[in-house]
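A quick write-up on the structure given underneath.
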Amino acid sequence: PSSHISNTQHLDDFFILGRLVGLAIFKRVPMALRFHNQFCKMILNGGELPPWTHEDIKELDPDLYRYKVNYILQNPVEGLDLYFTDVLDDRSGSDMRIEGAEEQIDLIENGSEIQITEDNKAEYVKRVCEWRLHGCMQKQVKAFLEGFHTLIPAETVRGLNAVIKPSDFANLIAGLPFVDADDWEKHSRCSGGYAPNDKQVKWFWEVVHEFSSDQRAALLHFVTGSRNPPVGGFARLQGFNGDQKFTISKISSSPDALPSAHACICTIDLPEYTSKQMLRERIMKAVMLGGIGFNGQDGEED
């Protein structure tokens with residue numbers, strides 16, 4: 001909500017972001033960007049305020065719900081000296097404080113002159129909730145949608161709104177929030193002389209299954225450029241030319257060499273390691289170094 005304070009061109013940034021997200025969806029490429037459910041609701045609803053409940057406020061900002069919304073509704077407001085106003089951004093108590101964000105916003109006409117009473121406090125809470133859920137970011141959402149609709153038509157988004165939940169839309173952008181090792185192995189193939197029953201291939205999948213969620217995500221990022229599989233799972237993994245199976249390819253190199261990767265074709269080049277432990281160590285080192293295409297000597301990228 002306070003993006004304009006530190007960046008006068010902030011709406012241009014939101015327009016560009018909308019185009020990038022639209023392009024990622026169009027190309028079916030997950031982005032390392034997971035939007036809050038409330039933002040997804042607004043996108044699916046064409047930028048307008050969707051139906052809401054206090055549970056939405058609790059999810060968006062638990063402290064706002066506890067210390068303002070619920071407190072005011074459950075307690076007398078006499079002596080609180082409240083008016084029909086709210087702040088642009090109330091993160092003043094955190095390290096994220098932005099100077100100028102405490103600007104007072106009238107929630108109704110002449111709100112700064114209308115004091116909150118027992119009779120009007122329910123209306124005040126309603127206005128605060130609507131401001132936090134929609135009003136404070138309305139301009140940014142509008143700019144985002146203008147960019148987004150250059151690739152994804154508004155009619156398509158309205159159709160999506162009828163059949164998916166906000167969390168599904170978040171997954172459509174960012175990919176699935178977890179890496180399913182069984183699905184990964186099921187939708188893979190071998191090349192370069194490897195076969196599924198070769199010990200190095202079996203070791204590879206054993207290691208993947210033994211990895212933690214974060215380690216799997218890091219390995220997937222090393223090979224494909226994304227930490228998350230797309231909606232639809234690994235059957236919908238995308239390479240340079242569209243759908244691309246995850247591939248384990250044999251390479252002739254020193255058994256001490258690190259594996260390398262080709263993100264454009266979702267392929268890992270795996271040397272013929274002599275033990276599962278060596279394979280695990282070399283994979284973890286390559287992932288840690290973080291260079292897609294790293295070959296143990298010089299970093300390369302495809």
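Residue numbering restarts at 1 for every chain of the structure tokens, chains are lettered A, B, ... in their displayed order, and ligands are numbered from 1 as they appear.
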I'd like the contact shell of segment 277-292 of chain A - 8 Å cut-off, only C-alpha atoms, skipping same-chain residues fewer than 6 positions apart - returned as a PDB file with all heavy atoms, in the first residue's frame.
```
ATOM      1  N   GLN A 200      23.414 -46.359 -10.961  1.00  0.00           N
ATOM      2  CA  GLN A 200      23.516 -44.911 -10.739  1.00  0.00           C
ATOM      3  C   GLN A 200      22.126 -44.235 -10.770  1.00  0.00           C
ATOM      4  O   GLN A 200      21.859 -43.316  -9.996  1.00  0.00           O
ATOM      5  CB  GLN A 200      24.419 -44.260 -11.796  1.00  0.00           C
ATOM      6  CG  GLN A 200      25.901 -44.558 -11.641  1.00  0.00           C
ATOM      7  CD  GLN A 200      26.295 -45.886 -12.257  1.00  0.00           C
ATOM      8  OE1 GLN A 200      25.467 -46.559 -12.883  1.00  0.00           O
ATOM      9  NE2 GLN A 200      27.566 -46.279 -12.097  1.00  0.00           N
ATOM     10  N   TRP A 203      20.371 -45.215  -7.553  1.00  0.00           N
ATOM     11  CA  TRP A 203      20.928 -44.426  -6.453  1.00  0.00           C
ATOM     12  C   TRP A 203      20.393 -43.001  -6.475  1.00  0.00           C
ATOM     13  O   TRP A 203      20.082 -42.432  -5.423  1.00  0.00           O
ATOM     14  CB  TRP A 203      22.452 -44.402  -6.537  1.00  0.00           C
ATOM     15  CG  TRP A 203      23.119 -45.702  -6.209  1.00  0.00           C
ATOM     16  CD1 TRP A 203      22.602 -46.735  -5.478  1.00  0.00           C
ATOM     17  CD2 TRP A 203      24.438 -46.095  -6.610  1.00  0.00           C
ATOM     18  NE1 TRP A 203      23.517 -47.751  -5.397  1.00  0.00           N
ATOM     19  CE2 TRP A 203      24.657 -47.396  -6.080  1.00  0.00           C
ATOM     20  CE3 TRP A 203      25.450 -45.500  -7.369  1.00  0.00           C
ATOM     21  CZ2 TRP A 203      25.848 -48.084  -6.271  1.00  0.00           C
ATOM     22  CZ3 TRP A 203      26.639 -46.180  -7.570  1.00  0.00           C
ATOM     23  CH2 TRP A 203      26.826 -47.469  -7.025  1.00  0.00           C
ATOM     24  N   PHE A 204      20.316 -42.435  -7.686  1.00  0.00           N
ATOM     25  CA  PHE A 204      19.826 -41.061  -7.812  1.00  0.00           C
ATOM     26  C   PHE A 204      18.438 -40.933  -7.189  1.00  0.00           C
ATOM     27  O   PHE A 204      18.185 -40.029  -6.382  1.00  0.00           O
ATOM     28  CB  PHE A 204      19.792 -40.641  -9.282  1.00  0.00           C
ATOM     29  CG  PHE A 204      19.234 -39.263  -9.505  1.00  0.00           C
ATOM     30  CD1 PHE A 204      20.044 -38.140  -9.420  1.00  0.00           C
ATOM     31  CD2 PHE A 204      17.870 -39.067  -9.793  1.00  0.00           C
ATOM     32  CE1 PHE A 204      19.524 -36.861  -9.608  1.00  0.00           C
ATOM     33  CE2 PHE A 204      17.356 -37.804  -9.988  1.00  0.00           C
ATOM     34  CZ  PHE A 204      18.183 -36.700  -9.895  1.00  0.00           C
ATOM     35  N   VAL A 207      18.373 -41.257  -3.406  1.00  0.00           N
ATOM     36  CA  VAL A 207      18.830 -40.018  -2.775  1.00  0.00           C
ATOM     37  C   VAL A 207      17.731 -38.967  -2.804  1.00  0.00           C
ATOM     38  O   VAL A 207      17.486 -38.260  -1.812  1.00  0.00           O
ATOM     39  CB  VAL A 207      20.114 -39.506  -3.468  1.00  0.00           C
ATOM     40  CG1 VAL A 207      20.423 -38.080  -3.038  1.00  0.00           C
ATOM     41  CG2 VAL A 207      21.287 -40.423  -3.149  1.00  0.00           C
ATOM     42  N   ALA A 218      15.844 -27.567  -4.011  1.00  0.00           N
ATOM     43  CA  ALA A 218      17.119 -27.019  -4.480  1.00  0.00           C
ATOM     44  C   ALA A 218      17.657 -27.818  -5.670  1.00  0.00           C
ATOM     45  O   ALA A 218      18.187 -27.247  -6.634  1.00  0.00           O
ATOM     46  CB  ALA A 218      18.139 -27.016  -3.335  1.00  0.00           C
ATOM     47  N   LEU A 219      17.518 -29.141  -5.622  1.00  0.00           N
ATOM     48  CA  LEU A 219      17.961 -29.974  -6.737  1.00  0.00           C
ATOM     49  C   LEU A 219      17.118 -29.698  -7.984  1.00  0.00           C
ATOM     50  O   LEU A 219      17.656 -29.586  -9.097  1.00  0.00           O
ATOM     51  CB  LEU A 219      17.867 -31.452  -6.363  1.00  0.00           C
ATOM     52  CG  LEU A 219      18.156 -32.468  -7.471  1.00  0.00           C
ATOM     53  CD1 LEU A 219      19.559 -32.273  -8.033  1.00  0.00           C
ATOM     54  CD2 LEU A 219      17.976 -33.898  -6.953  1.00  0.00           C
ATOM     55  N   PHE A 222      18.272 -26.571  -9.477  1.00  0.00           N
ATOM     56  CA  PHE A 222      19.564 -26.756 -10.139  1.00  0.00           C
ATOM     57  C   PHE A 222      19.380 -27.282 -11.561  1.00  0.00           C
ATOM     58  O   PHE A 222      20.061 -26.854 -12.493  1.00  0.00           O
ATOM     59  CB  PHE A 222      20.417 -27.721  -9.310  1.00  0.00           C
ATOM     60  CG  PHE A 222      21.718 -28.127  -9.967  1.00  0.00           C
ATOM     61  CD1 PHE A 222      22.774 -27.245 -10.036  1.00  0.00           C
ATOM     62  CD2 PHE A 222      21.874 -29.405 -10.494  1.00  0.00           C
ATOM     63  CE1 PHE A 222      23.975 -27.621 -10.637  1.00  0.00           C
ATOM     64  CE2 PHE A 222      23.065 -29.791 -11.100  1.00  0.00           C
ATOM     65  CZ  PHE A 222      24.117 -28.891 -11.166  1.00  0.00           C
ATOM     66  N   VAL A 223      18.450 -28.211 -11.730  1.00  0.00           N
ATOM     67  CA  VAL A 223      18.284 -28.864 -13.027  1.00  0.00           C
ATOM     68  C   VAL A 223      17.330 -28.127 -13.955  1.00  0.00           C
ATOM     69  O   VAL A 223      17.558 -28.071 -15.165  1.00  0.00           O
ATOM     70  CB  VAL A 223      17.813 -30.326 -12.847  1.00  0.00           C
ATOM     71  CG1 VAL A 223      17.697 -31.025 -14.203  1.00  0.00           C
ATOM     72  CG2 VAL A 223      18.766 -31.096 -11.945  1.00  0.00           C
ATOM     73  N   GLY A 225      15.729 -24.828 -13.164  1.00  0.00           N
ATOM     74  CA  GLY A 225      15.596 -23.379 -13.005  1.00  0.00           C
ATOM     75  C   GLY A 225      14.412 -22.976 -12.158  1.00  0.00           C
ATOM     76  O   GLY A 225      14.185 -21.793 -11.928  1.00  0.00           O
ATOM     77  N   ASP A 256      35.062 -38.270 -10.149  1.00  0.00           N
ATOM     78  CA  ASP A 256      35.085 -37.212  -9.144  1.00  0.00           C
ATOM     79  C   ASP A 256      34.378 -35.948  -9.632  1.00  0.00           C
ATOM     80  O   ASP A 256      34.208 -34.991  -8.876  1.00  0.00           O
ATOM     81  CB  ASP A 256      36.534 -36.840  -8.790  1.00  0.00           C
ATOM     82  CG  ASP A 256      37.226 -37.951  -8.004  1.00  0.00           C
ATOM     83  OD1 ASP A 256      36.526 -38.661  -7.274  1.00  0.00           O
ATOM     84  OD2 ASP A 256      38.450 -38.087  -8.141  1.00  0.00           O
ATOM     85  N   ALA A 257      33.974 -35.921 -10.899  1.00  0.00           N
ATOM     86  CA  ALA A 257      33.357 -34.717 -11.468  1.00  0.00           C
ATOM     87  C   ALA A 257      31.984 -34.475 -10.848  1.00  0.00           C
ATOM     88  O   ALA A 257      31.319 -35.395 -10.358  1.00  0.00           O
ATOM     89  CB  ALA A 257      33.235 -34.862 -12.978  1.00  0.00           C
ATOM     90  N   LEU A 258      31.571 -33.230 -10.888  1.00  0.00           N
ATOM     91  CA  LEU A 258      30.235 -32.879 -10.413  1.00  0.00           C
ATOM     92  C   LEU A 258      29.217 -33.080 -11.535  1.00  0.00           C
ATOM     93  O   LEU A 258      29.560 -32.964 -12.713  1.00  0.00           O
ATOM     94  CB  LEU A 258      30.191 -31.427  -9.963  1.00  0.00           C
ATOM     95  CG  LEU A 258      31.050 -31.044  -8.759  1.00  0.00           C
ATOM     96  CD1 LEU A 258      30.904 -29.558  -8.469  1.00  0.00           C
ATOM     97  CD2 LEU A 258      30.678 -31.861  -7.532  1.00  0.00           C
ATOM     98  N   PRO A 259      27.977 -33.375 -11.196  1.00  0.00           N
ATOM     99  CA  PRO A 259      26.942 -33.404 -12.229  1.00  0.00           C
ATOM    100  C   PRO A 259      26.722 -32.001 -12.789  1.00  0.00           C
ATOM    101  O   PRO A 259      26.966 -31.004 -12.109  1.00  0.00           O
ATOM    102  CB  PRO A 259      25.701 -33.899 -11.478  1.00  0.00           C
ATOM    103  CG  PRO A 259      25.948 -33.548 -10.053  1.00  0.00           C
ATOM    104  CD  PRO A 259      27.431 -33.646  -9.858  1.00  0.00           C
ATOM    105  N   SER A 260      26.293 -31.939 -14.023  1.00  0.00           N
ATOM    106  CA  SER A 260      25.960 -30.650 -14.630  1.00  0.00           C
ATOM    107  C   SER A 260      24.510 -30.693 -15.082  1.00  0.00           C
ATOM    108  O   SER A 260      23.877 -31.751 -15.079  1.00  0.00           O
ATOM    109  CB  SER A 260      26.891 -30.352 -15.811  1.00  0.00           C
ATOM    110  OG  SER A 260      26.818 -31.383 -16.774  1.00  0.00           O
ATOM    111  N   ALA A 261      23.971 -29.561 -15.448  1.00  0.00           N
ATOM    112  CA  ALA A 261      22.546 -29.504 -15.769  1.00  0.00           C
ATOM    113  C   ALA A 261      22.292 -28.627 -16.981  1.00  0.00           C
ATOM    114  O   ALA A 261      23.068 -27.722 -17.293  1.00  0.00           O
ATOM    115  CB  ALA A 261      21.765 -28.975 -14.568  1.00  0.00           C
ATOM    116  N   HIS A 262      21.190 -28.912 -17.656  1.00  0.00           N
ATOM    117  CA  HIS A 262      20.738 -28.152 -18.818  1.00  0.00           C
ATOM    118  C   HIS A 262      19.275 -27.768 -18.576  1.00  0.00           C
ATOM    119  O   HIS A 262      18.363 -28.558 -18.847  1.00  0.00           O
ATOM    120  CB  HIS A 262      20.875 -28.979 -20.094  1.00  0.00           C
ATOM    121  CG  HIS A 262      22.235 -29.578 -20.284  1.00  0.00           C
ATOM    122  ND1 HIS A 262      23.267 -28.904 -20.912  1.00  0.00           N
ATOM    123  CD2 HIS A 262      22.747 -30.779 -19.892  1.00  0.00           C
ATOM    124  CE1 HIS A 262      24.350 -29.680 -20.924  1.00  0.00           C
ATOM    125  NE2 HIS A 262      24.059 -30.811 -20.308  1.00  0.00           N
ATOM    126  N   ALA A 263      19.086 -26.581 -18.026  1.00  0.00           N
ATOM    127  CA  ALA A 263      17.744 -26.183 -17.604  1.00  0.00           C
ATOM    128  C   ALA A 263      16.760 -26.135 -18.768  1.00  0.00           C
ATOM    129  O   ALA A 263      15.570 -26.409 -18.598  1.00  0.00           O
ATOM    130  CB  ALA A 263      17.792 -24.825 -16.906  1.00  0.00           C
ATOM    131  N   GLY A 299      32.003 -22.438 -14.337  1.00  0.00           N
ATOM    132  CA  GLY A 299      30.555 -22.357 -14.376  1.00  0.00           C
ATOM    133  C   GLY A 299      30.065 -22.083 -15.768  1.00  0.00           C
ATOM    134  O   GLY A 299      30.627 -21.286 -16.506  1.00  0.00           O
ATOM    135  N   GLU A 300      29.039 -22.830 -16.192  1.00  0.00           N
ATOM    136  CA  GLU A 300      28.417 -22.619 -17.478  1.00  0.00           C
ATOM    137  C   GLU A 300      26.919 -22.543 -17.281  1.00  0.00           C
ATOM    138  O   GLU A 300      26.377 -23.097 -16.350  1.00  0.00           O
ATOM    139  CB  GLU A 300      28.733 -23.795 -18.431  1.00  0.00           C
ATOM    140  CG  GLU A 300      30.198 -23.962 -18.744  1.00  0.00           C
ATOM    141  CD  GLU A 300      30.427 -25.192 -19.610  1.00  0.00           C
ATOM    142  OE1 GLU A 300      29.454 -25.929 -19.860  1.00  0.00           O
ATOM    143  OE2 GLU A 300      31.568 -25.413 -20.031  1.00  0.00           O
ATOM    144  N   GLU A 301      26.237 -21.891 -18.173  1.00  0.00           N
ATOM    145  CA  GLU A 301      24.797 -21.883 -18.142  1.00  0.00           C
ATOM    146  C   GLU A 301      24.265 -22.137 -19.514  1.00  0.00           C
ATOM    147  O   GLU A 301      24.836 -21.705 -20.509  1.00  0.00           O
ATOM    148  CB  GLU A 301      24.247 -20.534 -17.630  1.00  0.00           C
ATOM    149  CG  GLU A 301      24.500 -20.330 -16.152  1.00  0.00           C
ATOM    150  CD  GLU A 301      23.742 -19.138 -15.617  1.00  0.00           C
ATOM    151  OE1 GLU A 301      22.960 -18.567 -16.400  1.00  0.00           O
ATOM    152  OE2 GLU A 301      23.924 -18.786 -14.460  1.00  0.00           O
ATOM    153  N   ASP A 302      23.149 -22.891 -19.568  1.00  0.00           N
ATOM    154  CA  ASP A 302      22.494 -23.138 -20.846  1.00  0.00           C
ATOM    155  C   ASP A 302      21.418 -22.100 -21.049  1.00  0.00           C
ATOM    156  O   ASP A 302      20.826 -21.663 -20.112  1.00  0.00           O
ATOM    157  CB  ASP A 302      21.836 -24.528 -20.821  1.00  0.00           C
ATOM    158  CG  ASP A 302      22.903 -25.627 -20.836  1.00  0.00           C
ATOM    159  OD1 ASP A 302      23.988 -25.353 -21.324  1.00  0.00           O
ATOM    160  OD2 ASP A 302      22.603 -26.747 -20.355  1.00  0.00           O
TER     161      ASP A 302
END
```
Original post:
Phe169 of chain A: which residues within 12 Å, counting only C-alpha atoms, same-chain residues fewer than 3 positions away excluded, as a PyMOL selection string?
Top reply: chain A and resi 21-22+25+30+33-45+157+160-166+172-176+230-231
How would the residues just picked look written out with N, CA and C atoms as a short mmCIF file (atom, residue, chain, number, x, y, z; two decimals), in the first residue's frame?
```
data_model
loop_
_atom_site.label_atom_id
_atom_site.label_comp_id
_atom_site.auth_asym_id
_atom_site.auth_seq_id
_atom_site.Cartn_x
_atom_site.Cartn_y
_atom_site.Cartn_z
N VAL A 21 3.96 -12.06 -14.86
CA VAL A 21 3.16 -13.15 -14.31
C VAL A 21 2.27 -13.74 -15.40
N GLY A 22 1.67 -12.88 -16.22
CA GLY A 22 0.85 -13.36 -17.33
C GLY A 22 1.65 -14.20 -18.31
N ILE A 25 2.38 -17.67 -16.79
CA ILE A 25 1.21 -18.55 -16.88
C ILE A 25 1.02 -19.03 -18.31
N PRO A 30 6.63 -21.99 -13.77
CA PRO A 30 6.45 -21.48 -12.40
C PRO A 30 7.43 -20.35 -12.08
N LEU A 33 7.50 -16.90 -6.87
CA LEU A 33 6.70 -15.78 -6.38
C LEU A 33 5.34 -16.32 -5.96
N ARG A 34 5.09 -16.39 -4.66
CA ARG A 34 3.81 -16.91 -4.19
C ARG A 34 3.01 -15.76 -3.57
N PHE A 35 1.90 -15.42 -4.23
CA PHE A 35 1.07 -14.32 -3.77
C PHE A 35 0.17 -14.76 -2.62
N HIS A 36 -0.17 -13.78 -1.77
CA HIS A 36 -1.11 -14.02 -0.68
C HIS A 36 -2.49 -14.32 -1.26
N ASN A 37 -3.24 -15.16 -0.55
CA ASN A 37 -4.58 -15.53 -1.03
C ASN A 37 -5.46 -14.32 -1.28
N GLN A 38 -5.34 -13.28 -0.45
CA GLN A 38 -6.20 -12.12 -0.61
C GLN A 38 -5.91 -11.39 -1.92
N PHE A 39 -4.63 -11.31 -2.28
CA PHE A 39 -4.26 -10.70 -3.55
C PHE A 39 -4.81 -11.54 -4.70
N CYS A 40 -4.70 -12.85 -4.58
CA CYS A 40 -5.23 -13.74 -5.64
C CYS A 40 -6.74 -13.59 -5.78
N LYS A 41 -7.43 -13.42 -4.66
CA LYS A 41 -8.89 -13.20 -4.72
C LYS A 41 -9.22 -11.95 -5.52
N MET A 42 -8.44 -10.90 -5.29
CA MET A 42 -8.71 -9.65 -6.01
C MET A 42 -8.42 -9.79 -7.50
N ILE A 43 -7.36 -10.51 -7.85
CA ILE A 43 -7.04 -10.71 -9.26
C ILE A 43 -8.17 -11.49 -9.94
N LEU A 44 -8.60 -12.58 -9.30
CA LEU A 44 -9.66 -13.40 -9.87
C LEU A 44 -10.98 -12.63 -9.96
N ASN A 45 -11.15 -11.65 -9.07
CA ASN A 45 -12.39 -10.86 -9.05
C ASN A 45 -12.27 -9.58 -9.86
N VAL A 157 -9.83 -14.86 -17.03
CA VAL A 157 -9.71 -14.76 -15.57
C VAL A 157 -11.08 -14.92 -14.91
N LEU A 160 -11.83 -18.49 -14.81
CA LEU A 160 -11.07 -19.16 -13.76
C LEU A 160 -11.70 -18.95 -12.39
N ASN A 161 -12.21 -17.73 -12.17
CA ASN A 161 -12.80 -17.39 -10.88
C ASN A 161 -13.97 -18.30 -10.53
N ALA A 162 -14.61 -18.83 -11.56
CA ALA A 162 -15.78 -19.68 -11.33
C ALA A 162 -15.40 -21.12 -10.99
N VAL A 163 -14.16 -21.50 -11.24
CA VAL A 163 -13.81 -22.93 -11.10
C VAL A 163 -12.62 -23.21 -10.19
N ILE A 164 -11.83 -22.19 -9.81
CA ILE A 164 -10.68 -22.45 -8.96
C ILE A 164 -10.70 -21.56 -7.73
N LYS A 165 -9.94 -21.97 -6.72
CA LYS A 165 -9.81 -21.22 -5.48
C LYS A 165 -8.57 -20.31 -5.58
N PRO A 166 -8.50 -19.28 -4.73
CA PRO A 166 -7.31 -18.41 -4.74
C PRO A 166 -6.01 -19.18 -4.56
N LEU A 172 -0.89 -21.82 -9.70
CA LEU A 172 -0.76 -21.63 -11.14
C LEU A 172 0.41 -20.71 -11.45
N ILE A 173 0.66 -19.75 -10.59
CA ILE A 173 1.76 -18.81 -10.78
C ILE A 173 3.08 -19.38 -10.28
N ALA A 174 3.07 -19.90 -9.06
CA ALA A 174 4.31 -20.30 -8.40
C ALA A 174 4.64 -21.77 -8.53
N GLY A 175 3.70 -22.57 -9.02
CA GLY A 175 3.90 -24.00 -9.05
C GLY A 175 3.41 -24.64 -7.76
N LEU A 176 3.46 -25.97 -7.71
CA LEU A 176 3.01 -26.68 -6.52
C LEU A 176 3.94 -26.38 -5.35
N PRO A 230 5.28 -27.60 -11.88
CA PRO A 230 4.10 -26.86 -12.33
C PRO A 230 2.81 -27.54 -11.87
N VAL A 231 1.71 -26.79 -11.97
CA VAL A 231 0.40 -27.38 -11.72
C VAL A 231 0.22 -28.53 -12.71
#
```
**OP:** Write out as an NGL selection string all residues of segment 101-260 of chain A that backbone DSSP assigns to helix (DSSP H, G or I).
**Re:** :A and (111-113 or 121-133 or 135-148 or 154-161 or 166-174 or 181-186 or 199-210 or 213-224 or 233-236)
Please tabulate, as a Markdown table, the residues of segment 103-132 of chain A that come within 9 Å of segment 69-79 of chain A, each with its closest pair of atoms and the distance in Å to one decimal, counting only C-alpha atoms and ordering rows by chain, then residue number upward.
```
| residue | atom | partner | partner_atom | distance |
| --- | --- | --- | --- | --- |
| A:Ile116 | CA | A:Val77 | CA | 7.2 |
| A:Thr117 | CA | A:Val77 | CA | 6.3 |
| A:Glu118 | CA | A:Val77 | CA | 6.5 |
| A:Lys121 | CA | A:Leu73 | CA | 7.1 |
| A:Ala122 | CA | A:Leu73 | CA | 6.8 |
| A:Val125 | CA | A:Val69 | CA | 5.9 |
| A:Lys126 | CA | A:Val69 | CA | 8.7 |
| A:Val128 | CA | A:Val69 | CA | 8.2 |
| A:Cys129 | CA | A:Val69 | CA | 7.9 |
```
**OP:** List every residue of segment 77-193 of chain A that DSSP, applied to the backbone of this structure, assigns to strand (DSSP E), and report them as a PyMOL selection string.
**Re:** chain A and resi 85-87+104-106+188-191
Subject >> Spatial neighbours of Ala235 of chain A, 10 Å, only C-alpha atoms, chain gap at least 5 places, as a list in words >> reply: Asp183, Trp184, Lys186, His187, Ser188, Pro229, Pro230, Asp243, Gln244, Lys245 and Phe246 of chain A
Show me, as a tab-separated table, the residues of segment 254-288 of chain A having an atom within 10 Å of segment 189-192 of chain A, each with the closest atom pair and its distance in Å, using only C-alpha atoms.
```
residue	atom	partner	partner_atom	distance
A:Thr267	CA	A:Cys190	CA	9.3
A:Ile268	CA	A:Cys190	CA	9.8
A:Asp269	CA	A:Gly192	CA	8.9
A:Leu270	CA	A:Gly192	CA	9.8
```
Original post:
Hey, what's within 7 Å of Pro271 of chain A if we count only C-alpha atoms and toss same-chain stuff fewer than 4 positions away? As a PyMOL selection string, please?
Top reply: chain A and resi 250-253+255+259
Subject >> For segment 149-152 of chain A: contacts at 7 Å, only C-alpha atoms, fewer than 3 positions along chain excluded, given as a ChimeraX atom specification >> reply: /A:19,22-23,145-146,156
